[in-house]
Structure formats: C-alpha cells, structure tokens
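> What follows is my_file-v3.txt, made up of compact mmCIF, C-alpha atoms and all ligand atoms:
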```
# COMPACT_ATOMS: atom_id res chain seq x y z
CA MET V 1 3.53 109.50 145.65
CA LYS V 2 3.11 109.18 149.42
CA LYS V 3 6.04 107.90 151.45
CA VAL V 4 5.29 106.31 154.82
CA LEU V 5 7.84 105.56 157.57
CA PHE V 6 6.99 103.45 160.63
CA VAL V 7 9.19 104.01 163.69
CA CYS V 8 9.69 102.09 166.95
CA LEU V 9 12.62 101.67 169.34
CA GLY V 10 14.57 98.71 167.94
CA ASN V 11 13.10 98.32 164.41
CA ILE V 12 12.98 94.57 164.99
CA CYS V 13 9.45 94.02 166.42
CA ARG V 14 6.71 96.63 165.97
CA SER V 15 7.78 98.84 163.06
CA PRO V 16 8.92 95.95 160.81
CA THR V 17 5.56 94.29 161.51
CA ALA V 18 3.78 97.44 160.30
CA HIS V 19 6.24 97.78 157.39
CA GLY V 20 5.69 94.23 156.10
CA ILE V 21 1.92 94.24 156.56
CA PHE V 22 1.33 97.70 155.09
CA GLU V 23 3.67 97.12 152.14
CA GLN V 24 1.81 93.90 151.25
CA LEU V 25 -1.56 95.65 151.62
CA VAL V 26 -0.39 98.43 149.28
CA GLN V 27 0.79 95.85 146.74
CA ASP V 28 -2.40 93.80 146.99
CA ARG V 29 -4.49 96.92 146.29
CA GLY V 30 -2.35 97.80 143.27
CA LEU V 31 -1.10 101.00 144.92
CA ALA V 32 2.64 100.33 144.90
CA ASN V 33 3.11 103.13 142.35
CA ARG V 34 1.41 105.61 144.73
CA ILE V 35 2.62 104.60 148.21
CA THR V 36 6.09 103.53 149.42
CA VAL V 37 6.79 102.05 152.84
CA ASP V 38 9.83 101.85 155.13
CA SER V 39 10.60 101.46 158.84
CA ALA V 40 13.34 102.50 161.27
CA GLY V 41 14.24 102.49 164.95
CA THR V 42 15.06 105.42 167.20
CA SER V 43 17.93 103.36 168.67
CA ALA V 44 21.05 102.04 166.92
CA TRP V 45 20.89 98.75 168.86
CA HIS V 46 19.87 96.35 166.09
CA ILE V 47 21.14 98.01 162.88
CA GLY V 48 21.45 95.46 160.07
CA LYS V 49 19.52 92.73 161.87
CA GLY V 50 16.38 91.04 160.64
CA PRO V 51 13.16 91.20 162.65
CA ASP V 52 12.88 89.32 165.96
CA SER V 53 12.11 85.64 165.26
CA ARG V 54 8.98 85.95 167.45
CA SER V 55 7.65 88.76 165.23
CA ILE V 56 8.45 86.73 162.09
CA GLN V 57 6.67 83.64 163.45
CA ALA V 58 3.57 85.49 164.71
CA ALA V 59 3.25 87.33 161.38
CA LYS V 60 3.76 84.13 159.37
CA LYS V 61 0.78 82.50 161.12
CA ARG V 62 -1.38 85.24 159.57
CA GLY V 63 0.26 85.02 156.16
CA HIS V 64 2.52 88.06 156.51
CA HIS V 65 6.23 87.98 155.62
CA LEU V 66 8.83 90.05 157.47
CA GLU V 67 12.03 88.06 157.06
CA HIS V 68 13.42 90.21 154.21
CA LEU V 69 13.45 93.39 156.33
CA ARG V 70 16.61 94.82 157.97
CA ALA V 71 16.80 97.25 160.88
CA ARG V 72 18.13 100.78 160.51
CA GLN V 73 18.16 103.88 162.67
CA VAL V 74 15.97 106.87 161.87
CA THR V 75 17.88 110.00 160.76
CA VAL V 76 17.05 113.66 160.35
CA ASP V 77 17.15 113.11 156.55
CA ASP V 78 14.07 110.87 156.89
CA PHE V 79 12.06 114.06 157.44
CA ASP V 80 13.01 115.18 153.92
CA GLU V 81 12.32 111.74 152.42
CA PHE V 82 8.98 110.79 154.04
CA ASP V 83 5.55 112.48 154.06
CA VAL V 84 4.00 110.44 156.87
CA ILE V 85 6.09 109.37 159.89
CA LEU V 86 4.26 107.17 162.40
CA ALA V 87 5.47 106.34 165.91
CA MET V 88 4.46 103.17 167.73
CA ASP V 89 4.43 104.77 171.19
CA ASN V 90 4.72 108.13 172.92
CA SER V 91 8.39 107.63 173.70
CA ASN V 92 9.16 107.06 170.00
CA LEU V 93 7.05 110.12 169.18
CA SER V 94 8.91 112.41 171.58
CA ASP V 95 12.27 111.19 170.21
CA LEU V 96 11.02 111.97 166.69
CA GLU V 97 9.72 115.39 167.73
CA ALA V 98 13.20 116.19 169.10
CA LEU V 99 14.71 115.26 165.70
CA ARG V 100 12.06 116.95 163.56
CA PRO V 101 13.44 119.86 161.49
CA ALA V 102 11.41 123.08 161.55
CA HIS V 103 10.78 122.84 157.77
CA PHE V 104 9.05 119.41 157.93
CA THR V 105 5.50 119.87 156.68
CA GLY V 106 4.43 116.22 156.64
CA HIS V 107 2.44 114.25 159.19
CA LEU V 108 4.21 113.09 162.37
CA GLY V 109 2.00 111.23 164.85
CA LEU V 110 1.00 108.00 166.53
CA PHE V 111 0.26 105.07 164.22
CA LEU V 112 -2.74 103.90 166.29
CA ALA V 113 -4.56 107.16 165.58
CA PHE V 114 -5.58 105.29 162.39
CA ALA V 115 -6.96 102.20 164.20
CA LYS V 116 -10.74 101.85 163.97
CA ASN V 117 -11.37 98.87 166.25
CA HIS V 118 -8.97 99.50 169.13
CA SER V 119 -8.98 102.37 171.62
CA GLU V 120 -5.31 102.10 172.69
CA SER V 121 -3.07 104.93 171.55
CA GLU V 122 0.23 103.02 171.68
CA VAL V 123 1.51 99.72 170.28
CA PRO V 124 3.13 98.21 173.40
CA ASP V 125 6.75 97.06 173.19
CA PRO V 126 6.50 93.23 173.08
CA TYR V 127 10.24 92.57 173.46
CA HIS V 128 10.02 91.24 177.02
CA ASP V 129 6.60 89.58 176.53
CA GLY V 130 5.55 86.10 175.53
CA GLU V 131 3.86 85.13 172.29
CA GLU V 132 0.61 86.86 173.29
CA GLY V 133 2.38 90.24 173.22
CA PHE V 134 3.40 89.65 169.61
CA VAL V 135 -0.12 88.54 168.69
CA HIS V 136 -1.51 91.72 170.26
CA VAL V 137 0.94 93.81 168.19
CA LEU V 138 -0.44 92.09 165.06
CA ASP V 139 -4.05 92.84 166.03
CA LEU V 140 -3.25 96.53 166.54
CA VAL V 141 -1.06 96.83 163.44
CA GLU V 142 -3.56 95.13 161.10
CA ASP V 143 -6.33 97.44 162.32
CA ALA V 144 -4.26 100.63 161.96
CA CYS V 145 -2.91 99.59 158.54
CA ASP V 146 -6.48 99.42 157.18
CA GLY V 147 -7.29 102.86 158.58
CA LEU V 148 -4.01 104.32 157.30
CA LEU V 149 -4.66 103.04 153.77
CA GLN V 150 -8.13 104.61 153.78
CA TYR V 151 -6.64 107.92 154.96
CA LEU V 152 -3.95 107.89 152.26
CA ILE V 153 -6.32 107.13 149.37
CA GLU V 154 -9.08 109.51 150.45
CA PRO V 155 -9.73 111.96 147.61
P1 LIG V 201 10.72 97.28 168.91
O1 LIG V 201 11.01 96.32 170.17
O2 LIG V 201 11.00 98.69 169.36
O3 LIG V 201 9.28 97.04 168.64
O4 LIG V 201 11.63 96.82 167.79
C1 LIG V 201 12.20 96.31 170.88
C2 LIG V 201 13.29 95.61 170.39
C3 LIG V 201 14.45 95.54 171.13
C4 LIG V 201 14.54 96.20 172.33
C5 LIG V 201 13.45 96.91 172.81
C6 LIG V 201 12.29 96.98 172.07
N1 LIG V 201 15.73 96.11 173.09
O5 LIG V 201 15.71 96.51 174.28
O6 LIG V 201 16.76 95.62 172.58
```
Produce structure tokens that represent the structure in this file.

Amino acid sequence: MKKVLFVCLGNICRSPTAHGIFEQLVQDRGLANRITVDSAGTSAWHIGKGPDSRSIQAAKKRGHHLEHLRARQVTVDDFDEFDVILAMDNSNLSDLEALRPAHFTGHLGLFLAFAKNHSESEVPDPYHDGEEGFVHVLDLVEDACDGLLQYLIEP
C-alpha cells in the first residue's frame, strides 16, 4: 500500500484538485487497494471547508468531482501516515521540510516533478486569479497525476 498526501497552503484550491483527480484515476485503474490519497494545507485558515467554488466548477467542466472534500491542516503525524508527500510550490515544501521528523524515510518533494508535458516546477496559487488560473492548475495537475501514477506502479 502506498499512501500519497498532496499539500498546498489553504487545502481549498490546488491540493484538493490533485486529491480528487488522483483518487479518481486510482479508482479507474482498479488500484484503490494499492494506493490511498489525501490532501492537507500548511495553514489552518480553511479547516473544515469544502474546496473553493472556482476549483469545483473548473474541475467539473473536465468531469472531476471535488465537492466531497474537506480542508484540514497538515500535522507532524502525517509523516508517519504517508509514504509520498507532495508540495504544490516551494513555499509549501519549505514549510513541510521544517515539520519533517528526522525518521521520515518517505518521499517529500514537489508534485510537478512528475509532470511530463510542463516544465514549471510549481503549481501557482490561483486564489487571487480569474478562471484561467484555475484552468491552468487543472492542466498542471492532470499532467503530474499521470506521471505520479506511472512512478507508483513501476515495478
Ligand atoms: P490553495 O490556495 O493553497 O491552493 O488552497 C489558497 C487558498 C486560500 C488562500 C491562499 C491560497 N488564502 O489566502 O486564504
């Protein structure tokens, strides 16, 4: 069993988008017994809230569902629970590195390292953008989800 955690700042835009898309991909490939998926935010700002309505709408247009997800804050215990912890941007990554216990032996890195068709290293925060920012997040997330799945199922 591989356990994957996606992390952004608020857990209402980028990481729930990755969570919903990757979880569906895992289910569609019949891998739900081998891979589990979750997401969290480095901040406590939106705990208990559903994803931003703009993320829900942009995802829905591509057939992805996010509305069941609820925001939570990442904790040090997540390093015991998850094998692969993926940050959306460098700021999220440095916050996670500060929290990382010395005994964590899993993978902590940037999610877009798994993207095949985009050269960006960070998923930009779309919170203050228009709809195009949310569409760009989807493009990046869909690409990196495919690469991540390949990485996880490699023999
Ligand atoms: P996320 O986006 O980190 O992708 O969930 C944000 C959501 C909310 C805020 C910033 C980023 N905020 O400032 O409240």
> Taking all atoms listed in the file and a cut-off of 6 Å, can you tell me which residues surround ligand LIG 201 (chain V), written as a list in words?
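What falls inside 6 Å of ligand LIG 201 (chain V) is Cys8, Leu9, Gly10, Asn11, Ile12, Cys13, Arg14, Asp125 and Tyr127 of chain V.
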> Counting only C-alpha atoms, which of V:Ser119, V:Val26, V:Leu99, V:Ile47 gets nearest to Asp80 of chain V?
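The shortest atom-to-atom distance to Asp80 of chain V comes from V:Leu99.
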> Find the residue from V:Arg29, V:Lys60, V:His107, V:Arg100 that sits nearest to Lys2 of chain V; use all atoms listed in the file when measuring.
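Among V:Arg29, V:Lys60, V:His107, V:Arg100, it is V:His107 that comes nearest to Lys2 of chain V.
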> Counting only C-alpha atoms, figure out which residue out of V:Gln73, V:Cys145, V:Leu140, V:Glu131 gets nearest to Lys61 of chain V.
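Of all the options, V:Glu131 lies closest to Lys61 of chain V.
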> Please provide the set of residues having any atom within 6 Å of Met88 of chain V, restricted to all atoms listed in the file, with same-chain residues fewer than 2 positions apart removed, written as a PDB file with C-alpha atoms, in the frame of the given file.

```pdb
ATOM      1  CA  CYS V   8       9.690 102.090 166.950  1.00  0.00           C
ATOM      2  CA  PHE V 111       0.260 105.070 164.220  1.00  0.00           C
ATOM      3  CA  GLU V 122       0.230 103.020 171.680  1.00  0.00           C
ATOM      4  CA  VAL V 123       1.510  99.720 170.280  1.00  0.00           C
TER       5      VAL V 123
END
```
> Nearest residue to Gly50 of chain V out of V:Val137, V:Thr75, V:Pro16, V:Ile21, using all atoms listed in the file?
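Closest candidate: V:Pro16.
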> Nearest to Ala98 of chain V: which of V:Ile35, V:Ala18, V:Val4, V:Val76 is it, counting all atoms listed in the file?
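Looking at the shortest contact to Ala98 of chain V, the residue is V:Val76.
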> So which one's closest to Tyr151 of chain V, V:Leu138, V:Ser121, V:Val84, V:Leu5? Using all atoms listed in the file, please.
V:Val84
> What is the atom CA of His128 of chain V-atom CA of Ser55 of chain V distance in Å, reported with one decimal?
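A separation of 12.3 Å between them.
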> Just the number, please: distance in Å from atom CA of Ile85 of chain V to atom CA of Leu66 of chain V, one decimal.
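Atom CA of Leu66 of chain V lies at a distance of 19.7 Å from atom CA of Ile85 of chain V.
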> Take the point (13.7, 96.6, 158.5) as written in the file and pick out every residue within 6 Å of it, counting only C-alpha atoms; give the list as a ChimeraX atom specification.
/V:16,39,69-71
> I want to know what sits within 8 Å of Arg54 of chain V, based on only C-alpha atoms, with residues of the same chain fewer than 2 positions away left out; could you give that as a list in words?
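Those residues are Asp52, Ile56, Gln57, Ala58, Glu131 and Phe134 of chain V.
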> Any chance you can output those residues with C-alpha atoms as a compact mmCIF listing (two decimals), keeping the file's coordinate frame?

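Generated file (selection-v2.txt):
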```txt
# COMPACT_ATOMS: atom_id res chain seq x y z
CA ASP V 52 12.88 89.32 165.96
CA ILE V 56 8.45 86.73 162.09
CA GLN V 57 6.67 83.64 163.45
CA ALA V 58 3.57 85.49 164.71
CA GLU V 131 3.86 85.13 172.29
CA PHE V 134 3.40 89.65 169.61
```
> So the first atom is atom CA of Ser91 of chain V and the second is atom CA of Gly106 of chain V; what is the distance between them in Å, to one decimal place?
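A separation of 19.5 Å between them.
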> For a quick check of your reading of the model, name the residues lying within 10 Å of the coordinate (-2.3, 104.9, 144.6), counting all atoms listed in the file, and write them as a PyMOL selection string.
chain V and resi 1-2+26-27+29-36+149+152-153
> Extending 3 Å beyond the listed atoms of segment 141-147 of chain V on each side, what axis-aligned box results? I want centre and edge lengths in Å to one decimal, as JSON.

```
{"center_x": -4.2, "center_y": 99.0, "center_z": 160.3, "size_x": 12.2, "size_y": 13.7, "size_z": 12.3}
```
> Show which residues sit within 7 Å of Leu110 of chain V, as a list in words. Count all atoms listed in the file, and ignore same-chain residues fewer than 6 positions away.
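What passes the distance filter is Leu86, Ala87, Met88, Asp89 and Leu93 of chain V.
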